[in-house]
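A.B. asks: Structure file model.tsv (TSV, C-alpha atoms) is given on the next line.
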```
chain	number	residue	atom	x	y	z
C	88	MET	CA	12.12	-14.66	-22.00
C	89	ASN	CA	9.22	-16.75	-20.80
C	90	GLU	CA	6.93	-15.65	-17.98
C	91	ARG	CA	8.97	-17.20	-15.17
C	92	GLU	CA	12.23	-15.73	-16.48
C	93	LEU	CA	10.67	-12.27	-16.78
C	94	LEU	CA	9.37	-12.39	-13.23
C	95	ALA	CA	12.75	-13.54	-11.94
C	96	ALA	CA	14.44	-10.64	-13.76
C	97	VAL	CA	11.92	-8.15	-12.36
C	98	ASP	CA	12.41	-9.51	-8.84
C	99	HIS	CA	16.18	-9.11	-9.18
C	100	LEU	CA	15.93	-5.54	-10.47
C	101	THR	CA	13.51	-4.45	-7.76
C	102	HIS	CA	15.80	-5.61	-4.97
C	103	ARG	CA	17.05	-2.60	-3.02
C	104	ASP	CA	20.72	-3.57	-3.48
C	105	THR	CA	20.59	-3.90	-7.27
C	106	GLY	CA	22.32	-0.57	-7.90
C	107	LYS	CA	22.23	1.60	-11.03
C	108	LEU	CA	19.87	0.62	-13.84
C	109	GLU	CA	21.48	0.50	-17.29
C	110	CYS	CA	19.47	-0.41	-20.39
C	111	GLY	CA	21.05	-2.31	-23.28
C	112	GLU	CA	18.61	-1.00	-25.90
C	113	PRO	CA	20.30	1.32	-28.47
C	114	GLY	CA	19.62	4.98	-27.75
C	115	HIS	CA	18.09	4.37	-24.32
C	116	ALA	CA	19.43	6.47	-21.46
C	117	ALA	CA	20.34	5.15	-18.02
C	118	GLY	CA	17.77	4.89	-15.25
C	119	HIS	CA	15.82	1.89	-16.50
C	120	VAL	CA	16.15	-1.62	-17.91
C	121	CYS	CA	14.04	-3.03	-20.75
C	122	LEU	CA	13.45	-6.77	-20.51
C	123	ASN	CA	12.92	-8.76	-23.69
C	124	ALA	CA	9.30	-9.88	-23.65
C	125	SER	CA	9.07	-10.63	-27.39
C	126	GLY	CA	8.09	-14.21	-28.05
C	127	GLY	CA	7.01	-14.60	-24.43
C	128	PRO	CA	3.56	-14.34	-22.84
C	129	ARG	CA	1.01	-11.90	-24.23
C	130	LEU	CA	0.18	-8.69	-22.37
C	131	PRO	CA	-2.84	-10.09	-20.43
C	132	GLY	CA	-0.67	-12.94	-19.18
C	133	LEU	CA	2.10	-10.54	-18.19
C	134	LEU	CA	-0.34	-8.30	-16.33
C	135	ASP	CA	-1.78	-11.25	-14.43
C	136	ALA	CA	1.65	-12.62	-13.52
C	137	VAL	CA	3.09	-9.32	-12.28
C	138	SER	CA	-0.17	-8.35	-10.55
C	139	GLU	CA	-0.14	-11.58	-8.57
C	140	ARG	CA	3.18	-10.54	-7.04
C	141	TYR	CA	3.02	-6.72	-6.95
C	142	GLY	CA	-0.69	-5.96	-6.62
C	143	ARG	CA	-3.10	-4.12	-8.88
C	144	PRO	CA	-1.40	-1.90	-11.53
C	145	ARG	CA	-2.21	1.70	-12.34
C	146	PRO	CA	-2.97	2.38	-16.04
C	147	LEU	CA	-0.67	4.95	-17.67
C	148	VAL	CA	-1.55	4.55	-21.36
C	149	ARG	CA	-4.54	2.81	-22.91
C	150	ARG	CA	-4.95	2.42	-26.68
C	151	GLY	CA	-2.37	5.11	-27.28
C	152	HIS	CA	-3.96	7.67	-24.93
C	153	SER	CA	-2.63	8.70	-21.54
C	154	ALA	CA	-4.87	7.67	-18.66
C	155	GLN	CA	-3.45	10.59	-16.68
C	156	THR	CA	-0.83	13.30	-17.11
C	157	PRO	CA	2.42	11.40	-16.57
C	158	THR	CA	4.90	12.79	-14.04
C	159	GLU	CA	7.91	11.45	-12.19
C	160	ARG	CA	5.53	10.64	-9.31
C	161	THR	CA	3.00	8.77	-11.45
C	162	GLY	CA	5.23	6.62	-13.71
C	163	LEU	CA	6.78	8.87	-16.37
C	164	PRO	CA	10.15	7.01	-16.20
C	165	LEU	CA	8.39	3.96	-17.71
C	166	LEU	CA	7.19	5.96	-20.73
C	167	ALA	CA	10.29	8.09	-21.37
C	168	PRO	CA	12.34	5.41	-23.20
C	169	PHE	CA	9.64	4.97	-25.87
C	170	GLY	CA	8.28	8.47	-26.45
C	171	GLU	CA	5.13	8.47	-28.59
C	172	HIS	CA	5.48	4.80	-29.47
C	173	VAL	CA	3.70	3.59	-26.31
C	174	ARG	CA	0.37	1.95	-27.06
C	175	GLU	CA	-0.34	0.39	-23.66
C	176	MET	CA	1.44	0.75	-20.33
C	177	TYR	CA	0.53	-0.35	-16.81
C	178	ALA	CA	2.64	0.52	-13.77
C	179	TRP	CA	3.41	-0.76	-10.30
C	180	ALA	CA	5.32	1.15	-7.64
C	181	TYR	CA	7.65	-0.92	-5.49
C	182	GLY	CA	10.15	0.86	-3.25
C	183	SER	CA	12.70	2.72	-5.36
C	184	ARG	CA	11.53	1.05	-8.57
C	185	TRP	CA	8.78	1.40	-11.13
C	186	ILE	CA	7.65	-1.78	-12.86
C	187	GLY	CA	5.88	-1.48	-16.20
C	188	CYS	CA	4.20	-3.85	-18.66
C	189	GLY	CA	2.88	-2.66	-21.98
C	190	MET	CA	2.97	-2.57	-25.75
C	191	VAL	CA	5.09	-0.26	-27.93
C	192	ALA	CA	5.12	0.35	-31.67
C	193	ALA	CA	8.15	-1.09	-33.47
C	194	ASP	CA	9.34	-1.42	-37.09
C	195	ASN	CA	7.75	-4.84	-37.36
C	196	GLY	CA	4.47	-3.93	-35.64
C	197	VAL	CA	3.63	-3.74	-31.95
C	198	ARG	CA	5.68	-5.63	-29.36
C	199	PRO	CA	5.26	-6.29	-25.62
C	200	VAL	CA	7.69	-4.68	-23.18
C	201	VAL	CA	8.56	-5.11	-19.53
C	202	VAL	CA	10.43	-2.20	-17.95
C	203	VAL	CA	11.98	-1.59	-14.54
C	204	ALA	CA	12.85	2.06	-13.90
C	205	HIS	CA	14.20	4.18	-11.08
C	206	ARG	CA	11.57	5.69	-8.77
C	207	ALA	CA	12.67	8.71	-6.78
C	208	ALA	CA	11.52	9.29	-3.22
C	209	PRO	CA	9.64	12.58	-2.79
C	210	ALA	CA	11.42	15.23	-0.73
C	211	LEU	CA	9.56	15.59	2.55
C	212	GLU	CA	10.59	19.24	2.79
C	213	GLU	CA	8.27	19.89	-0.16
C	214	LEU	CA	5.25	19.13	2.02
C	215	PRO	CA	3.23	22.25	2.91
C	216	GLU	CA	3.37	23.12	6.58
C	217	ASP	CA	-0.41	22.85	6.84
C	218	ALA	CA	-0.58	19.40	5.19
C	219	THR	CA	-2.82	17.00	7.08
C	220	TRP	CA	-1.53	13.57	8.09
C	221	VAL	CA	-3.65	12.06	5.31
C	222	ASP	CA	-2.08	14.50	2.83
C	223	ARG	CA	1.34	13.40	4.03
C	224	VAL	CA	0.60	9.70	3.53
C	225	VAL	CA	-0.73	10.42	0.02
C	226	PHE	CA	2.37	12.50	-0.77
C	227	VAL	CA	4.96	10.01	0.43
C	228	THR	CA	3.33	7.05	-1.37
C	229	GLY	CA	2.58	8.89	-4.63
C	230	GLN	CA	-1.02	7.70	-4.50
C	231	ASP	CA	-3.50	9.06	-7.05
C	232	ARG	CA	-6.02	10.88	-4.86
C	233	GLU	CA	-8.62	10.97	-7.63
C	234	LEU	CA	-9.11	7.17	-7.53
C	235	THR	CA	-11.53	7.17	-4.61
C	236	HIS	CA	-13.37	4.17	-3.16
C	237	THR	CA	-16.99	4.38	-2.06
C	238	VAL	CA	-17.71	3.04	1.42
C	239	GLY	CA	-21.05	2.91	3.25
C	240	TRP	CA	-19.79	4.30	6.54
C	241	GLU	CA	-23.22	4.77	8.09
C	242	THR	CA	-23.99	1.08	7.67
C	243	THR	CA	-20.52	0.05	8.84
C	244	GLU	CA	-20.66	2.18	11.97
C	245	ALA	CA	-24.22	1.02	12.69
C	246	TRP	CA	-23.09	-2.63	12.57
C	247	LEU	CA	-20.18	-1.86	14.88
C	248	GLY	CA	-22.20	0.37	17.17
C	249	THR	CA	-19.54	3.08	17.14
C	250	GLY	CA	-18.11	5.80	14.96
C	251	LEU	CA	-14.63	5.31	13.49
C	252	PRO	CA	-11.66	7.71	13.28
C	253	GLY	CA	-12.15	10.25	10.51
C	254	ASP	CA	-8.66	10.01	9.04
C	255	TYR	CA	-8.88	6.20	8.90
C	256	LYS	CA	-12.05	6.62	6.81
C	257	GLN	CA	-10.23	9.06	4.53
C	258	LEU	CA	-7.35	6.61	4.07
C	259	VAL	CA	-9.76	3.81	3.15
C	260	GLN	CA	-11.58	6.00	0.65
C	261	ILE	CA	-8.32	7.12	-1.01
C	262	PHE	CA	-6.31	3.90	-0.92
C	263	GLY	CA	-8.88	1.10	-0.78
C	264	CYS	CA	-7.75	-2.46	-0.18
C	265	GLY	CA	-4.01	-3.03	-0.02
C	266	SER	CA	-0.78	-2.71	1.88
C	267	PHE	CA	1.58	0.13	2.80
C	268	ASP	CA	5.15	-0.80	1.83
C	269	GLY	CA	3.93	-4.37	1.34
C	270	CYS	CA	3.69	-4.57	5.13
C	271	LEU	CA	0.72	-2.91	6.83
C	272	ASP	CA	-2.68	-4.16	5.59
C	273	MET	CA	-5.67	-2.04	6.53
C	274	PHE	CA	-8.98	-3.70	7.36
C	275	LEU	CA	-11.96	-2.12	5.59
C	276	PRO	CA	-15.67	-2.70	5.11
C	277	ASN	CA	-16.85	-4.83	2.19
C	278	GLY	CA	-13.42	-5.03	0.57
C	279	PRO	CA	-12.53	-7.29	-2.35
C	280	SER	CA	-11.16	-10.79	-1.94
C	281	GLY	CA	-7.93	-10.78	0.06
C	282	CYS	CA	-8.96	-8.00	2.47
C	283	LEU	CA	-10.20	-8.54	5.99
C	284	ASP	CA	-13.55	-6.93	6.72
C	285	ILE	CA	-13.25	-4.72	9.79
C	286	VAL	CA	-16.82	-5.48	10.93
C	287	GLU	CA	-16.72	-9.25	10.41
C	288	HIS	CA	-13.29	-9.48	12.01
C	289	ALA	CA	-14.36	-7.49	15.07
C	290	LEU	CA	-17.49	-9.57	15.60
C	291	SER	CA	-15.75	-12.92	15.09
C	292	MET	CA	-12.78	-12.08	17.33
C	293	ALA	CA	-15.04	-10.84	20.12
C	294	SER	CA	-16.26	-14.40	20.57
C	295	TRP	CA	-12.71	-15.39	21.58
C	296	ASP	CA	-12.66	-12.88	24.40
C	297	ASN	CA	-13.89	-14.63	27.53
C	298	GLU	CA	-16.62	-12.85	29.42
C	299	ASP	CA	-15.02	-13.69	32.74
C	300	GLY	CA	-12.12	-11.38	31.95
C	301	ASN	CA	-9.60	-14.14	31.22
C	302	SER	CA	-8.71	-12.46	27.94
C	303	LEU	CA	-5.99	-13.53	25.52
C	304	TRP	CA	-5.42	-9.78	25.12
C	305	ALA	CA	-5.01	-9.08	28.86
C	306	PRO	CA	-4.85	-6.59	30.40
C	307	HIS	CA	-7.18	-5.44	27.66
C	308	ARG	CA	-10.53	-6.66	26.39
C	309	LEU	CA	-11.76	-6.73	22.83
C	310	PHE	CA	-14.39	-4.41	21.43
C	311	PRO	CA	-17.38	-4.19	22.00
C	312	ALA	CA	-16.33	-4.39	25.66
C	313	PRO	CA	-16.18	-0.81	27.06
C	314	GLY	CA	-12.83	0.69	26.07
C	315	GLY	CA	-11.99	-2.54	24.22
C	316	LEU	CA	-9.53	-3.12	21.41
C	317	LEU	CA	-10.77	-2.76	17.83
C	318	GLN	CA	-8.31	-4.05	15.23
C	319	TRP	CA	-7.90	-1.90	12.10
C	320	ALA	CA	-4.77	-3.41	10.48
C	321	GLY	CA	-2.30	-6.29	10.50
C	322	SER	CA	1.13	-6.95	9.03
C	323	GLU	CA	3.22	-9.70	7.48
C	324	ARG	CA	5.44	-9.48	10.57
C	325	GLU	CA	2.52	-10.73	12.69
C	326	ASP	CA	1.95	-7.26	14.14
C	327	SER	CA	-1.63	-6.39	15.06
C	328	PHE	CA	-2.80	-2.77	15.14
C	329	TYR	CA	-5.70	-1.78	17.39
C	330	TRP	CA	-7.55	1.29	18.48
C	331	LEU	CA	-8.11	1.49	22.22
C	332	THR	CA	-11.75	2.59	22.09
C	333	GLU	CA	-11.67	4.64	25.26
C	334	GLY	CA	-13.72	7.84	25.23
C	335	ALA	CA	-16.58	8.99	23.01
C	336	ASP	CA	-14.43	10.64	20.31
C	337	PRO	CA	-12.92	8.08	17.88
C	338	ASP	CA	-10.47	10.70	16.59
C	339	ARG	CA	-8.81	10.66	20.02
C	340	TRP	CA	-8.45	6.89	20.32
C	341	PRO	CA	-4.82	5.86	20.91
C	342	ILE	CA	-3.27	3.01	18.91
C	343	LEU	CA	-1.87	-0.14	20.49
C	344	VAL	CA	0.45	-2.53	18.62
C	345	THR	CA	1.34	-6.06	19.65
C	346	LYS	CA	2.83	-9.23	18.24
C	347	GLU	CA	0.91	-12.49	17.85
C	348	GLY	CA	1.62	-13.59	21.42
C	349	HIS	CA	0.10	-10.37	22.87
C	350	CYS	CA	2.88	-10.20	25.47
C	351	ASP	CA	4.20	-6.70	24.80
C	352	TRP	CA	2.15	-3.64	23.88
C	353	ILE	CA	3.32	-0.43	22.22
C	354	ARG	CA	1.11	2.64	22.63
C	355	PHE	CA	0.92	5.48	20.11
C	356	ASP	CA	-0.98	8.62	21.13
C	357	GLY	CA	-1.77	10.05	17.72
C	358	SER	CA	-4.13	9.61	14.81
C	359	THR	CA	-4.24	6.64	12.42
C	360	ALA	CA	-2.84	8.62	9.48
C	361	GLU	CA	-0.06	10.05	11.65
C	362	PHE	CA	0.84	6.53	12.74
C	363	VAL	CA	1.05	5.34	9.10
C	364	PHE	CA	3.08	8.37	7.99
C	365	ARG	CA	5.58	8.00	10.81
C	366	MET	CA	5.84	4.27	10.17
C	367	LEU	CA	6.79	5.01	6.57
C	368	THR	CA	9.22	7.87	7.21
C	369	ASP	CA	10.63	7.68	10.75
C	370	ARG	CA	13.38	5.15	11.45
C	371	ARG	CA	12.69	5.51	15.18
C	372	HIS	CA	9.08	4.40	14.82
C	373	PRO	CA	8.65	0.99	16.50
C	374	CYS	CA	7.11	-0.47	13.30
C	375	SER	CA	9.28	1.53	10.88
C	376	THR	CA	9.59	0.53	7.24
C	377	ALA	CA	11.90	3.52	6.66
C	378	ARG	CA	14.74	1.29	7.87
C	379	TYR	CA	14.28	-0.88	4.77
C	380	PHE	CA	12.91	1.40	2.03
C	381	GLY	CA	13.91	4.88	0.89
C	382	ALA	CA	10.81	5.30	-1.26
C	383	HIS	CA	7.37	4.19	-0.13
C	384	TRP	CA	4.29	2.87	-1.89
C	385	PHE	CA	0.85	1.37	-1.52
C	386	MET	CA	0.25	-2.06	-3.04
C	387	SER	CA	-3.39	-2.27	-4.18
C	388	TYR	CA	-5.27	-5.57	-4.04
C	389	GLY	CA	-8.36	-6.74	-5.85
C	390	GLN	CA	-9.80	-5.92	-9.25
```
Kindly present the structure from the file in structure tokens form.
C.D. replies:
Amino acid sequence: MNERELLAAVDHLTHRDTGKLECGEPGHAAGHVCLNASGGPRLPGLLDAVSERYGRPRPLVRRGHSAQTPTERTGLPLLAPFGEHVREMYAWAYGSRWIGCGMVAADNGVRPVVVVAHRAAPALEELPEDATWVDRVVFVTGQDRELTHTVGWETTEAWLGTGLPGDYKQLVQIFGCGSFDGCLDMFLPNGPSGCLDIVEHALSMASWDNEDGNSLWAPHRLFPAPGGLLQWAGSEREDSFYWLTEGADPDRWPILVTKEGHCDWIRFDGSTAEFVFRMLTDRRHPCSTARYFGAHWFMSYGQ
């Protein structure tokens, strides 16, 4: 298969209605499909092509050594068909599927492979009762908590002139730049290309908010107006997610959600991480992705 054919096959297999995955390779069990990448693009080209569509991959195996202890939650189903023959493997989570690109040892040398495997949704009842909302978001997305991102919060909050919710800062440090379920994109300070900077966005949008009160966001005003709206995320559905910056404690700021026309407003009285968790897992949530996906993920952007 060439690059375009491989991507088309991956797209088909990651569709939620594809059904059971059955591999045609001799000796391979069910639960995955190996796509013939031999004679096609080399591994760097494959990584670039899949990354452009599914975000930044997580490394599983590099030069024959595991980058982390593989588990069902971190991509083991992509390695299982090949045992000790895996030389390189990079993984993407996408709904109920794992996508993998790598190199495996074969009789005639080393060959490239593209794999799509089943990805199980974690059982929410396994969450400890004392799990924080951030813990819950990490759990349900299968995110590697050790891959932290450094953010200069003191500088960011000085530029904004306000503190920011603590669990939002934790989410940014754990997840970095990207999208929950390919839908909700967090704004963050000094992110890589493709991410909106929360400071620059707030300052630029404030210039649109008329000082005479004739606001496009009526009955609200935009931050830094007292109690104004400070946007922290957006979505492909043209949803905008704001904190209503009322009160001195950012951890108690409610969340307001509106569409592009700013006609209707939905209020959520809870923390940022609670909002994200309920969006991912609760079908009754007004911005629910649980209606479309049984398993949830975070698509990382940037290098």
A.B. asks: To one decimal in Å, tell me the separation between atom CA of C:Leu271 and atom CA of C:Glu323.
C.D. replies: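 Distance reported for this atom pair: 7.3 Å.
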A.B. asks: Need to verify the contact set: C:Glu90, 10 Å, only C-alpha atoms, exclusion of same-chain residues closer than 6 positions in sequence. Can you return it as JSON, numbers by chain?
C.D. replies: {"C": [96, 124, 127, 128, 129, 132, 133, 136, 137]}
A.B. asks: Any chance you could export the current selection's C-alpha atoms as a tab-separated table (two decimals), in the coordinates of the input?
C.D. replies:
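So result07.tsv came out as:
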```tsv
chain	number	residue	atom	x	y	z
C	96	ALA	CA	14.44	-10.64	-13.76
C	124	ALA	CA	9.30	-9.88	-23.65
C	127	GLY	CA	7.01	-14.60	-24.43
C	128	PRO	CA	3.56	-14.34	-22.84
C	129	ARG	CA	1.01	-11.90	-24.23
C	132	GLY	CA	-0.67	-12.94	-19.18
C	133	LEU	CA	2.10	-10.54	-18.19
C	136	ALA	CA	1.65	-12.62	-13.52
C	137	VAL	CA	3.09	-9.32	-12.28
```
A.B. asks: Measuring atom to atom with only C-alpha atoms, identify which of C:Ala360, C:Ala154, C:Val120, C:Ala305 is nearest to C:Thr345.
C.D. replies: C:Ala305
A.B. asks: Considering all atoms listed in the file, return as a ChimeraX atom specification whatever protein or nucleic-acid residues lie within 12 Å of C:Arg149, sequence-local ones (same chain, fewer than 6 positions apart) excluded.
C.D. replies: /C:155,173-178,188-191
A.B. asks: Would you mind exporting the chosen residues as a PDB file, in the frame of the given file, restricted to C-alpha atoms?
C.D. replies:
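This went into out15.pdb:
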```
ATOM      1  CA  GLN C 155      -3.450  10.590 -16.680  1.00  0.00           C
ATOM      2  CA  VAL C 173       3.700   3.590 -26.310  1.00  0.00           C
ATOM      3  CA  ARG C 174       0.370   1.950 -27.060  1.00  0.00           C
ATOM      4  CA  GLU C 175      -0.340   0.390 -23.660  1.00  0.00           C
ATOM      5  CA  MET C 176       1.440   0.750 -20.330  1.00  0.00           C
ATOM      6  CA  TYR C 177       0.530  -0.350 -16.810  1.00  0.00           C
ATOM      7  CA  ALA C 178       2.640   0.520 -13.770  1.00  0.00           C
ATOM      8  CA  CYS C 188       4.200  -3.850 -18.660  1.00  0.00           C
ATOM      9  CA  GLY C 189       2.880  -2.660 -21.980  1.00  0.00           C
ATOM     10  CA  MET C 190       2.970  -2.570 -25.750  1.00  0.00           C
ATOM     11  CA  VAL C 191       5.090  -0.260 -27.930  1.00  0.00           C
TER      12      VAL C 191
END
```
A.B. asks: With all atoms listed in the file as the counted atoms, please give the residues lying no more than 8 Å from C:Ser125, apart from itself and same-chain residues fewer than 5 positions off, as a ChimeraX atom specification.
C.D. replies: /C:88,198-200
A.B. asks: Please list, as a compact mmCIF listing (two decimals) with C-alpha atoms, in the coordinates of the input, the residues that have an atom at most 12 Å away from (-16.6, -9.9, 12.2) in the coordinates of this file, counting only C-alpha atoms.
C.D. replies:
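Dumped to result.txt:
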```txt
# COMPACT_ATOMS: atom_id res chain seq x y z
CA THR C 243 -20.52 0.05 8.84
CA TRP C 246 -23.09 -2.63 12.57
CA LEU C 247 -20.18 -1.86 14.88
CA PHE C 274 -8.98 -3.70 7.36
CA LEU C 275 -11.96 -2.12 5.59
CA PRO C 276 -15.67 -2.70 5.11
CA ASN C 277 -16.85 -4.83 2.19
CA LEU C 283 -10.20 -8.54 5.99
CA ASP C 284 -13.55 -6.93 6.72
CA ILE C 285 -13.25 -4.72 9.79
CA VAL C 286 -16.82 -5.48 10.93
CA GLU C 287 -16.72 -9.25 10.41
CA HIS C 288 -13.29 -9.48 12.01
CA ALA C 289 -14.36 -7.49 15.07
CA LEU C 290 -17.49 -9.57 15.60
CA SER C 291 -15.75 -12.92 15.09
CA MET C 292 -12.78 -12.08 17.33
CA ALA C 293 -15.04 -10.84 20.12
CA SER C 294 -16.26 -14.40 20.57
CA TRP C 295 -12.71 -15.39 21.58
CA PHE C 310 -14.39 -4.41 21.43
CA PRO C 311 -17.38 -4.19 22.00
CA LEU C 317 -10.77 -2.76 17.83
CA GLN C 318 -8.31 -4.05 15.23
CA TRP C 319 -7.90 -1.90 12.10
```
A.B. asks: Counting only C-alpha atoms, figure out which residue out of C:Ala192, C:Cys121, C:Leu94, C:Leu211 gets nearest to C:Ser138.
C.D. replies: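 Looking only at the distances to C:Ser138, the closest residue turns out to be C:Leu94.
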A.B. asks: Using atom CA of C:Pro306 and atom CA of C:Gly250 as the two end points, give the distance in Å to one decimal.
C.D. replies: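 Answer for the atom CA of C:Pro306 to atom CA of C:Gly250 separation: 23.8 Å.
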A.B. asks: One number please: atom CA of C:Trp352 to atom CA of C:Ser266, in Å, one decimal.
C.D. replies: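 Atom-to-atom, atom CA of C:Trp352 and atom CA of C:Ser266 are spaced 22.2 Å apart.
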A.B. asks: If we count all atoms listed in the file and set the cut-off at 8 Å, which residues sit around C:Thr228, ignoring sequence neighbours fewer than 2 positions away in its own chain? Please answer as a compact mmCIF listing (two decimals) with C-alpha atoms, in the frame of the given file.
C.D. replies:
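The resulting out37.txt:
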```
# COMPACT_ATOMS: atom_id res chain seq x y z
CA VAL C 224 0.60 9.70 3.53
CA VAL C 225 -0.73 10.42 0.02
CA PHE C 226 2.37 12.50 -0.77
CA GLN C 230 -1.02 7.70 -4.50
CA ALA C 382 10.81 5.30 -1.26
CA HIS C 383 7.37 4.19 -0.13
CA TRP C 384 4.29 2.87 -1.89
CA PHE C 385 0.85 1.37 -1.52
```
A.B. asks: May I have the protein, DNA and RNA residues with an atom at most 9 Å from (-1.9, 5.0, 18.0), counting all atoms listed in the file in the file's coordinates, returned as a compact mmCIF listing (two decimals) with C-alpha atoms, in the frame of the given file?
C.D. replies:
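Heads up, here's the output in selection.txt:
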```
# COMPACT_ATOMS: atom_id res chain seq x y z
CA PHE C 328 -2.80 -2.77 15.14
CA TYR C 329 -5.70 -1.78 17.39
CA TRP C 330 -7.55 1.29 18.48
CA LEU C 331 -8.11 1.49 22.22
CA TRP C 340 -8.45 6.89 20.32
CA PRO C 341 -4.82 5.86 20.91
CA ILE C 342 -3.27 3.01 18.91
CA LEU C 343 -1.87 -0.14 20.49
CA VAL C 344 0.45 -2.53 18.62
CA ILE C 353 3.32 -0.43 22.22
CA ARG C 354 1.11 2.64 22.63
CA PHE C 355 0.92 5.48 20.11
CA ASP C 356 -0.98 8.62 21.13
CA GLY C 357 -1.77 10.05 17.72
CA SER C 358 -4.13 9.61 14.81
CA THR C 359 -4.24 6.64 12.42
CA GLU C 361 -0.06 10.05 11.65
CA PHE C 362 0.84 6.53 12.74
```
A.B. asks: Pick from C:Gly314, C:Pro373, C:Pro215, C:Gly111: nearest to C:Thr249, with only C-alpha atoms counted?
C.D. replies: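 So, comparing all the options, the nearest one is C:Gly314.
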A.B. asks: With a distance cut-off of 9 Å and only C-alpha atoms, select the neighbouring residues of C:Gly187, excluding the residue or stretch itself and same-chain residues fewer than 4 positions from it, and output the selection as a list of chain:residue names.
C.D. replies: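 Listed by chain and then number, they are C:Pro144, C:Gly162, C:Leu165, C:Leu166, C:Met176, C:Tyr177, C:Ala178, C:Trp179, C:Ala180, C:Val200, C:Val201, C:Val202, C:Val203, C:Ala204.
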